[in-house]
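**Student:** Hey, dropping data_15.txt in here, compact mmCIF, C-alpha atoms and all ligand atoms:
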```
# COMPACT_ATOMS: atom_id res chain seq x y z
CA MET A 1 11.36 0.02 16.86
CA VAL A 2 7.69 -0.95 16.99
CA ASN A 3 5.12 1.55 18.20
CA SER A 4 1.44 0.75 18.44
CA SER A 5 -1.39 3.11 19.28
CA ARG A 6 -3.05 0.29 21.22
CA ARG A 7 -0.74 -2.15 22.89
CA SER A 8 -2.39 -5.28 24.23
CA GLY A 9 0.78 -6.84 25.64
CA ARG A 10 -0.58 -10.25 24.59
CA ALA A 11 0.80 -12.53 21.93
CA ALA A 12 -0.73 -12.03 18.52
CA THR A 13 -3.30 -14.71 17.78
CA VAL A 14 -3.73 -13.86 14.11
CA SER A 15 -2.64 -16.58 11.71
CA TRP A 16 -0.24 -14.20 10.07
CA GLU A 17 1.79 -16.96 8.50
CA ALA A 18 -1.18 -18.25 6.51
CA TYR A 19 -2.06 -14.75 5.43
CA ARG A 20 1.51 -14.00 4.41
CA GLU A 21 1.62 -17.20 2.38
CA SER A 22 -1.62 -16.27 0.64
CA ILE A 23 -0.33 -12.88 -0.52
CA GLY A 24 3.25 -13.94 -1.22
CA ASP A 25 6.38 -12.08 -0.25
CA ARG A 26 6.15 -8.50 -1.48
CA SER A 27 9.53 -7.53 -0.03
CA PRO A 28 11.23 -7.56 -3.46
CA LEU A 29 8.62 -5.09 -4.75
CA PHE A 30 9.31 -2.64 -1.94
CA ALA A 31 13.05 -3.15 -2.31
CA GLU A 32 12.71 -2.10 -5.95
CA ILE A 33 10.57 0.92 -5.08
CA ALA A 34 13.12 1.91 -2.42
CA ARG A 35 16.02 1.44 -4.83
CA THR A 36 14.39 3.60 -7.50
CA TRP A 37 12.62 6.28 -5.46
CA ALA A 38 14.07 6.08 -1.93
CA PRO A 39 10.89 6.95 -0.01
CA LYS A 40 11.64 7.55 3.66
CA ARG A 41 8.18 7.55 5.26
CA ALA A 42 5.26 5.44 4.08
CA LEU A 43 1.63 5.26 5.14
CA TYR A 44 -0.02 1.90 4.44
CA ALA A 45 -3.78 2.30 4.87
CA GLY A 46 -5.64 -1.02 5.07
CA SER A 47 -2.39 -2.88 5.63
CA TYR A 48 -3.83 -5.78 7.61
CA VAL A 49 -0.59 -7.57 8.63
CA ASP A 50 1.38 -7.04 5.40
CA LEU A 51 4.71 -6.03 6.91
CA SER A 52 6.62 -6.09 3.62
CA PRO A 53 7.06 -2.30 3.12
CA ALA A 54 9.02 -2.14 6.38
CA THR A 55 11.65 -4.47 4.94
CA ALA A 56 12.77 -1.69 2.59
CA ILE A 57 11.45 1.68 3.80
CA PRO A 58 12.96 3.31 6.91
CA ALA A 59 9.67 4.36 8.58
CA VAL A 60 6.26 2.87 7.89
CA THR A 61 2.93 3.67 9.52
CA PHE A 62 0.55 0.75 9.14
CA LEU A 63 -3.13 1.44 9.60
CA ASP A 64 -6.07 -0.93 9.81
CA MET A 65 -9.44 -1.15 11.52
CA ASP A 66 -9.18 -4.93 12.00
CA ARG A 67 -8.48 -5.95 15.60
CA ARG A 68 -6.38 -8.91 14.42
CA ALA A 69 -4.01 -6.44 12.76
CA ALA A 70 -3.91 -4.45 16.02
CA LYS A 71 -2.98 -7.61 17.94
CA TYR A 72 -0.29 -8.50 15.46
CA PHE A 73 1.40 -5.09 15.58
CA ALA A 74 1.09 -4.97 19.37
CA ASP A 75 3.45 -7.93 19.52
CA GLY A 76 6.70 -6.06 19.04
CA ALA A 77 8.85 -9.17 19.43
CA LEU A 78 6.98 -10.97 16.67
CA VAL A 79 7.23 -8.01 14.29
CA ALA A 80 10.91 -7.51 15.08
CA SER A 81 11.70 -11.20 14.52
CA GLU A 82 9.96 -11.11 11.16
CA LEU A 83 11.86 -8.01 10.10
CA GLU A 84 15.17 -9.54 11.15
CA ARG A 85 14.75 -12.07 8.37
CA HIS A 86 14.99 -9.25 5.83
CA VAL A 87 16.71 -6.31 7.50
CA PRO A 88 20.00 -6.24 9.47
CA PRO A 89 19.22 -5.30 13.12
CA ALA A 90 21.40 -2.19 12.78
CA LEU A 91 18.99 -0.86 10.14
CA ALA A 92 15.86 -1.62 12.18
CA PRO A 93 13.02 0.30 10.53
CA GLU A 94 10.55 2.37 12.49
CA VAL A 95 7.18 0.63 12.54
CA ASP A 96 4.05 2.38 13.78
CA PHE A 97 0.56 1.03 13.82
CA VAL A 98 -2.68 3.00 13.98
CA HIS A 99 -5.79 1.02 14.83
CA GLY A 100 -8.49 3.03 13.11
CA ASP A 101 -10.62 3.87 10.12
CA TYR A 102 -8.82 5.66 7.31
CA THR A 103 -12.05 7.40 6.27
CA ALA A 104 -11.91 9.36 9.55
CA PRO A 105 -9.31 12.07 10.27
CA LEU A 106 -6.04 10.43 11.32
CA ALA A 107 -3.58 11.55 13.95
CA CYS A 108 -0.98 11.91 11.21
CA GLN A 109 0.52 15.15 9.99
CA GLU A 110 -0.75 16.21 6.59
CA GLY A 111 1.86 16.10 3.82
CA SER A 112 4.24 14.09 5.99
CA PHE A 113 4.55 10.86 3.97
CA ASP A 114 6.40 10.37 0.71
CA LEU A 115 4.69 7.05 -0.10
CA LEU A 116 1.03 6.13 0.30
CA ILE A 117 0.21 2.45 -0.15
CA SER A 118 -3.25 1.33 -1.27
CA LEU A 119 -3.56 -2.40 -1.99
CA PHE A 120 -6.90 -4.25 -1.96
CA ALA A 121 -8.25 -1.91 0.72
CA GLY A 122 -10.79 0.44 -0.89
CA PRO A 123 -10.69 4.16 -1.70
CA VAL A 124 -7.52 5.05 0.18
CA TRP A 125 -6.56 7.79 -2.28
CA ASP A 126 -9.84 9.63 -1.73
CA HIS A 127 -9.43 9.62 2.04
CA CYS A 128 -5.68 9.73 2.65
CA GLN A 129 -4.26 11.94 -0.10
CA ARG A 130 -3.89 14.82 2.34
CA TYR A 131 -1.14 12.92 4.17
CA LEU A 132 1.02 12.64 1.05
CA ALA A 133 3.74 15.24 0.53
CA PRO A 134 3.97 17.09 -2.81
CA GLY A 135 6.08 14.95 -5.12
CA GLY A 136 5.18 11.88 -3.07
CA LEU A 137 4.22 8.48 -4.46
CA LEU A 138 1.00 6.52 -4.47
CA LEU A 139 1.22 2.76 -4.95
CA ALA A 140 -2.26 1.48 -5.81
CA ASN A 141 -3.91 -1.42 -7.51
CA ALA A 142 -7.20 -1.52 -9.34
CA SER A 143 -8.99 -4.24 -7.38
CA HIS A 144 -11.24 -1.88 -5.41
CA GLY A 145 -11.02 0.92 -7.93
CA ASP A 146 -8.31 2.98 -6.28
CA ALA A 147 -5.81 2.88 -9.14
CA SER A 148 -8.61 3.64 -11.58
CA ILE A 149 -9.67 6.70 -9.57
CA ALA A 150 -6.03 7.76 -9.28
CA GLY A 151 -5.51 7.27 -13.01
CA LEU A 152 -8.21 9.88 -13.65
CA ASP A 153 -6.73 12.40 -11.20
CA ALA A 154 -4.83 15.07 -13.14
CA ARG A 155 -2.56 15.73 -10.15
CA LEU A 156 -1.12 12.23 -10.42
CA GLN A 157 1.40 11.12 -13.01
CA LEU A 158 1.97 7.45 -13.73
CA VAL A 159 5.68 6.79 -13.11
CA GLY A 160 5.79 3.00 -12.92
CA VAL A 161 3.90 -0.24 -13.33
CA VAL A 162 4.29 -3.29 -11.15
CA GLN A 163 4.04 -6.78 -12.59
CA ARG A 164 4.04 -10.01 -10.68
CA ASP A 165 4.90 -13.48 -11.93
CA ALA A 166 4.66 -15.87 -8.95
CA ASP A 167 7.47 -14.71 -6.62
CA GLN A 168 9.03 -12.43 -9.22
CA TRP A 169 8.25 -8.72 -9.06
CA SER A 170 9.16 -6.00 -11.50
CA LEU A 171 8.77 -2.24 -11.52
CA ALA A 172 8.95 -0.80 -15.04
CA ASP A 173 8.88 2.77 -16.26
CA THR A 174 8.80 2.15 -19.99
CA SER A 175 5.81 2.26 -22.37
CA LEU A 176 3.72 3.82 -19.59
CA ASP A 177 1.39 5.39 -22.13
CA GLU A 178 0.16 1.86 -22.94
CA TYR A 179 -1.31 1.45 -19.44
CA LEU A 180 -4.50 2.72 -17.80
CA ILE A 181 -6.35 2.58 -21.13
CA PRO A 182 -9.88 1.40 -20.31
CA LYS A 183 -11.49 -1.31 -22.40
CA ARG A 184 -14.75 0.60 -21.98
CA PRO A 185 -13.91 4.34 -21.98
CA GLU A 186 -17.49 5.28 -21.16
CA LEU A 187 -16.99 3.81 -17.65
CA ALA A 188 -13.92 5.94 -16.94
CA ASP A 189 -15.60 8.26 -14.46
CA ALA A 190 -14.36 8.54 -10.87
CA ASP A 191 -17.85 8.73 -9.35
CA LEU A 192 -19.00 5.69 -11.30
CA ILE A 193 -15.94 3.78 -10.09
CA ARG A 194 -16.56 4.87 -6.48
CA ALA A 195 -20.17 3.76 -6.71
CA ASP A 196 -19.19 0.44 -8.27
CA GLY A 197 -16.27 -0.19 -5.88
CA ARG A 198 -14.32 -1.98 -8.61
CA GLY A 199 -11.56 -0.91 -10.92
CA LEU A 200 -11.75 -0.48 -14.66
CA GLN A 201 -10.68 -3.24 -17.01
CA TYR A 202 -7.61 -2.13 -18.94
CA THR A 203 -6.30 -3.11 -22.36
CA ARG A 204 -2.90 -3.72 -20.73
CA PRO A 205 -3.28 -4.41 -17.01
CA ALA A 206 -0.63 -4.31 -14.32
CA TRP A 207 -0.59 -5.76 -10.80
CA ALA A 208 -0.26 -2.23 -9.42
CA TYR A 209 0.57 1.27 -10.51
CA LEU A 210 2.98 3.82 -9.08
CA PHE A 211 1.88 7.44 -9.35
CA ARG A 212 3.63 10.67 -8.39
CA LEU A 213 1.79 13.67 -6.99
CA VAL A 214 2.96 16.41 -9.31
CA VAL A 215 1.03 19.43 -7.99
C1 LIG A 301 -8.29 -7.37 1.65
S1 LIG A 301 -7.37 -6.72 2.98
C2 LIG A 301 -5.89 -6.23 2.19
C3 LIG A 301 -4.75 -6.20 3.13
C4 LIG A 301 -3.41 -5.81 2.49
N1 LIG A 301 -3.45 -4.43 2.01
C5 LIG A 301 -3.05 -6.72 1.36
O1 LIG A 301 -2.81 -6.23 0.24
O2 LIG A 301 -2.97 -7.93 1.57
C6 LIG A 301 -8.19 -5.16 3.25
C7 LIG A 301 -7.82 -4.53 4.60
O3 LIG A 301 -8.25 -3.17 4.58
C8 LIG A 301 -8.81 -2.88 5.83
N2 LIG A 301 -9.72 -1.75 5.67
C9 LIG A 301 -10.75 -1.64 4.79
N3 LIG A 301 -11.37 -0.46 4.95
C10 LIG A 301 -10.72 0.18 5.94
C11 LIG A 301 -10.88 1.46 6.57
N4 LIG A 301 -11.85 2.28 6.17
N5 LIG A 301 -10.03 1.80 7.54
C12 LIG A 301 -9.03 0.97 7.93
N6 LIG A 301 -8.83 -0.24 7.40
C13 LIG A 301 -9.65 -0.63 6.41
C14 LIG A 301 -9.49 -4.16 6.28
O4 LIG A 301 -9.66 -4.19 7.67
C15 LIG A 301 -8.52 -5.22 5.77
O5 LIG A 301 -7.57 -5.57 6.76
```
Write the structure described by the file as structure tokens, please.
Ligand SMILES: C[S@@+](CC[C@H](N)C(=O)[O-])C[C@H]1O[C@@H](n2cnc3c(N)ncnc32)[C@H](O)[C@@H]1O
**Tutor:**
Amino acid sequence: MVNSSRRSGRAATVSWEAYRESIGDRSPLFAEIARTWAPKRALYAGSYVDLSPATAIPAVTFLDMDRRAAKYFADGALVASELERHVPPALAPEVDFVHGDYTAPLACQEGSFDLLISLFAGPVWDHCQRYLAPGGLLLANASHGDASIAGLDARLQLVGVVQRDADQWSLADTSLDEYLIPKRPELADADLIRADGRGLQYTRPAWAYLFRLVV
């Protein structure tokens, strides 16, 4: 089922195929997260048209301010046909789209998601943490600093690291104490990272990090 907060009724004009090719297929990553942690409801802030979480997670709310993303998600037939390539029709996931700015209050219930996704989209953790349930997961990367800010948040525990080698994805939970160690410890300050808008350089980097909200 595809729900959109702003339905245009017109065919999506976004070149979603080119975009999808540029980012690669992340479906195996979300399949692995689903296999290990079984999240039921995810919020993907700054999703653009990356549909991959919906191939593995039963209900996903995508959120983006870009009107091309709004057009894409308004085309329910297109989204459904894409999902059919990965998910049997009987297991059709629930897909919602919110066309908006994640820095503003969202029409989403606080504490109602068990996975928050933050990939290449800015300080999602700062603005959307209220929507994550206690014990929920944050998947973040360091490109815009979000994983670095999360790594300094005492309420978050690192529970996995994601590595990517071309089309191969892995989610590991071993040697986690070797990750998130900054090359320059003096820069490991959340406000400095926010001001800089970039993540820290780590002695052992990962493509992304999976955290659990422990308090
Ligand atoms: C570089 S793209 C990344 C898209 C996708 N997460 C990925 O990994 O390929 C960043 C996306 O975040 C969205 N974005 C950035 N700031 C946002 C905000 N404050 N509210 C909603 N969307 C935002 C942009 O519109 C853009 O579509």
**Student:** Here is a test: counting all atoms listed in the file, which residue of A:Ala77, A:Ala54, A:Ala45, A:Leu152 is nearest to Ser118 in chain A?
**Tutor:** A:Ala45
**Student:** From the list A:Glu17, A:Glu178, A:Asp114, A:Glu82, which residue is nearest Pro58 in chain A when using all atoms listed in the file?
**Tutor:**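 Between A:Glu17, A:Glu178, A:Asp114, A:Glu82, the residue approaching Pro58 in chain A most closely is A:Asp114.
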**Student:** With a distance cut-off of 9 Å and only C-alpha atoms, select the neighbouring residues of Glu32 in chain A, excluding the residue or stretch itself and same-chain residues fewer than 4 positions from it, and output the selection as number ranges by chain.
**Tutor:** A: 27-28, 36-37, 56, 169-171
**Student:** Kindly compile the residues surrounding ligand LIG 301 (chain A) within 8 Å, counting only C-alpha atoms and all ligand atoms, and format them as a VMD selection string.
**Tutor:** chain A and resid 19 23 44 to 50 63 to 66 69 99 to 104 118 to 122 124
**Student:** Using C-alpha atoms, can you export the residues from the last selection as a CSV table (one decimal), in the frame of the given file?
**Tutor:**
```csv
chain,number,residue,atom,x,y,z
A,19,TYR,CA,-2.1,-14.8,5.4
A,23,ILE,CA,-0.3,-12.9,-0.5
A,44,TYR,CA,0.0,1.9,4.4
A,45,ALA,CA,-3.8,2.3,4.9
A,46,GLY,CA,-5.6,-1.0,5.1
A,47,SER,CA,-2.4,-2.9,5.6
A,48,TYR,CA,-3.8,-5.8,7.6
A,49,VAL,CA,-0.6,-7.6,8.6
A,50,ASP,CA,1.4,-7.0,5.4
A,63,LEU,CA,-3.1,1.4,9.6
A,64,ASP,CA,-6.1,-0.9,9.8
A,65,MET,CA,-9.4,-1.2,11.5
A,66,ASP,CA,-9.2,-4.9,12.0
A,69,ALA,CA,-4.0,-6.4,12.8
A,99,HIS,CA,-5.8,1.0,14.8
A,100,GLY,CA,-8.5,3.0,13.1
A,101,ASP,CA,-10.6,3.9,10.1
A,102,TYR,CA,-8.8,5.7,7.3
A,103,THR,CA,-12.0,7.4,6.3
A,104,ALA,CA,-11.9,9.4,9.6
A,118,SER,CA,-3.2,1.3,-1.3
A,119,LEU,CA,-3.6,-2.4,-2.0
A,120,PHE,CA,-6.9,-4.2,-2.0
A,121,ALA,CA,-8.2,-1.9,0.7
A,122,GLY,CA,-10.8,0.4,-0.9
A,124,VAL,CA,-7.5,5.0,0.2
```
**Student:** Excluding Thr55 in chain A and any residue of its chain fewer than 3 positions from it, enumerate the residues within 12 Å of it, using only C-alpha atoms, and give them as a CSV table (one decimal) with C-alpha atoms, in the frame of the given file.
**Tutor:**
```csv
chain,number,residue,atom,x,y,z
A,25,ASP,CA,6.4,-12.1,-0.2
A,26,ARG,CA,6.2,-8.5,-1.5
A,27,SER,CA,9.5,-7.5,0.0
A,28,PRO,CA,11.2,-7.6,-3.5
A,29,LEU,CA,8.6,-5.1,-4.8
A,30,PHE,CA,9.3,-2.6,-1.9
A,31,ALA,CA,13.0,-3.2,-2.3
A,32,GLU,CA,12.7,-2.1,-6.0
A,33,ILE,CA,10.6,0.9,-5.1
A,34,ALA,CA,13.1,1.9,-2.4
A,42,ALA,CA,5.3,5.4,4.1
A,50,ASP,CA,1.4,-7.0,5.4
A,51,LEU,CA,4.7,-6.0,6.9
A,52,SER,CA,6.6,-6.1,3.6
A,58,PRO,CA,13.0,3.3,6.9
A,59,ALA,CA,9.7,4.4,8.6
A,60,VAL,CA,6.3,2.9,7.9
A,79,VAL,CA,7.2,-8.0,14.3
A,80,ALA,CA,10.9,-7.5,15.1
A,81,SER,CA,11.7,-11.2,14.5
A,82,GLU,CA,10.0,-11.1,11.2
A,83,LEU,CA,11.9,-8.0,10.1
A,84,GLU,CA,15.2,-9.5,11.2
A,85,ARG,CA,14.8,-12.1,8.4
A,86,HIS,CA,15.0,-9.2,5.8
A,87,VAL,CA,16.7,-6.3,7.5
A,88,PRO,CA,20.0,-6.2,9.5
A,89,PRO,CA,19.2,-5.3,13.1
A,91,LEU,CA,19.0,-0.9,10.1
A,92,ALA,CA,15.9,-1.6,12.2
A,93,PRO,CA,13.0,0.3,10.5
A,94,GLU,CA,10.6,2.4,12.5
A,95,VAL,CA,7.2,0.6,12.5
```
**Student:** How many Å lie between CA of Leu200 in chain A and CA of Gln168 in chain A, rounded to one decimal?
**Tutor:**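 Separation between CA of Leu200 in chain A and CA of Gln168 in chain A: 24.6 Å.
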**Student:** Can you work out which one of A:Tyr72, A:Phe97, A:Trp125, A:Tyr209 has the shortest atom-to-atom distance to Gly160 in chain A, counting only C-alpha atoms?
**Tutor:**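 Residue with the minimum atom-to-atom distance to Gly160 in chain A: A:Tyr209.
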**Student:** Work out how far CA of Ser148 in chain A is from CA of Leu192 in chain A, in Å to one decimal.
**Tutor:**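 Rounded to one decimal, the two atoms are 10.6 Å apart.
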**Student:** So what do you get for CA of Thr61 in chain A versus CA of Asp165 in chain A, distance-wise?
**Tutor:**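 These atoms are spaced 27.5 Å apart.
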**Student:** Which residues are near Leu116 in chain A? Cut-off 8 Å, only C-alpha atoms, ignore same chain within fewer than 5 positions. Put them as a list of chain:residue names.
**Tutor:**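 Here the qualifying residues turn out to be A:Ala42, A:Leu43, A:Tyr44, A:Ala45, A:Cys128, A:Gln129, A:Leu132, A:Gly136, A:Leu137, A:Leu138, A:Leu139.
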**Student:** From the options A:Tyr131, A:Phe73, A:Trp207, A:Trp16, which residue's atoms come nearest to Ala172 in chain A, counting all atoms listed in the file?
**Tutor:**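 Smallest distance to Ala172 in chain A is found for A:Trp207.
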**Student:** Pick out the closest residue to Pro39 in chain A from this set: A:Ser112, A:Thr203, A:Ser175, A:Ser22. Count all atoms listed in the file.
**Tutor:**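 Using all atoms listed in the file, Pro39 in chain A sits closest to A:Ser112.
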**Student:** Smallest atom-to-atom distance to Gln163 in chain A: which of A:Ile57, A:Ala208, A:Ala195, A:Ala190, using only C-alpha atoms?
**Tutor:** A:Ala208
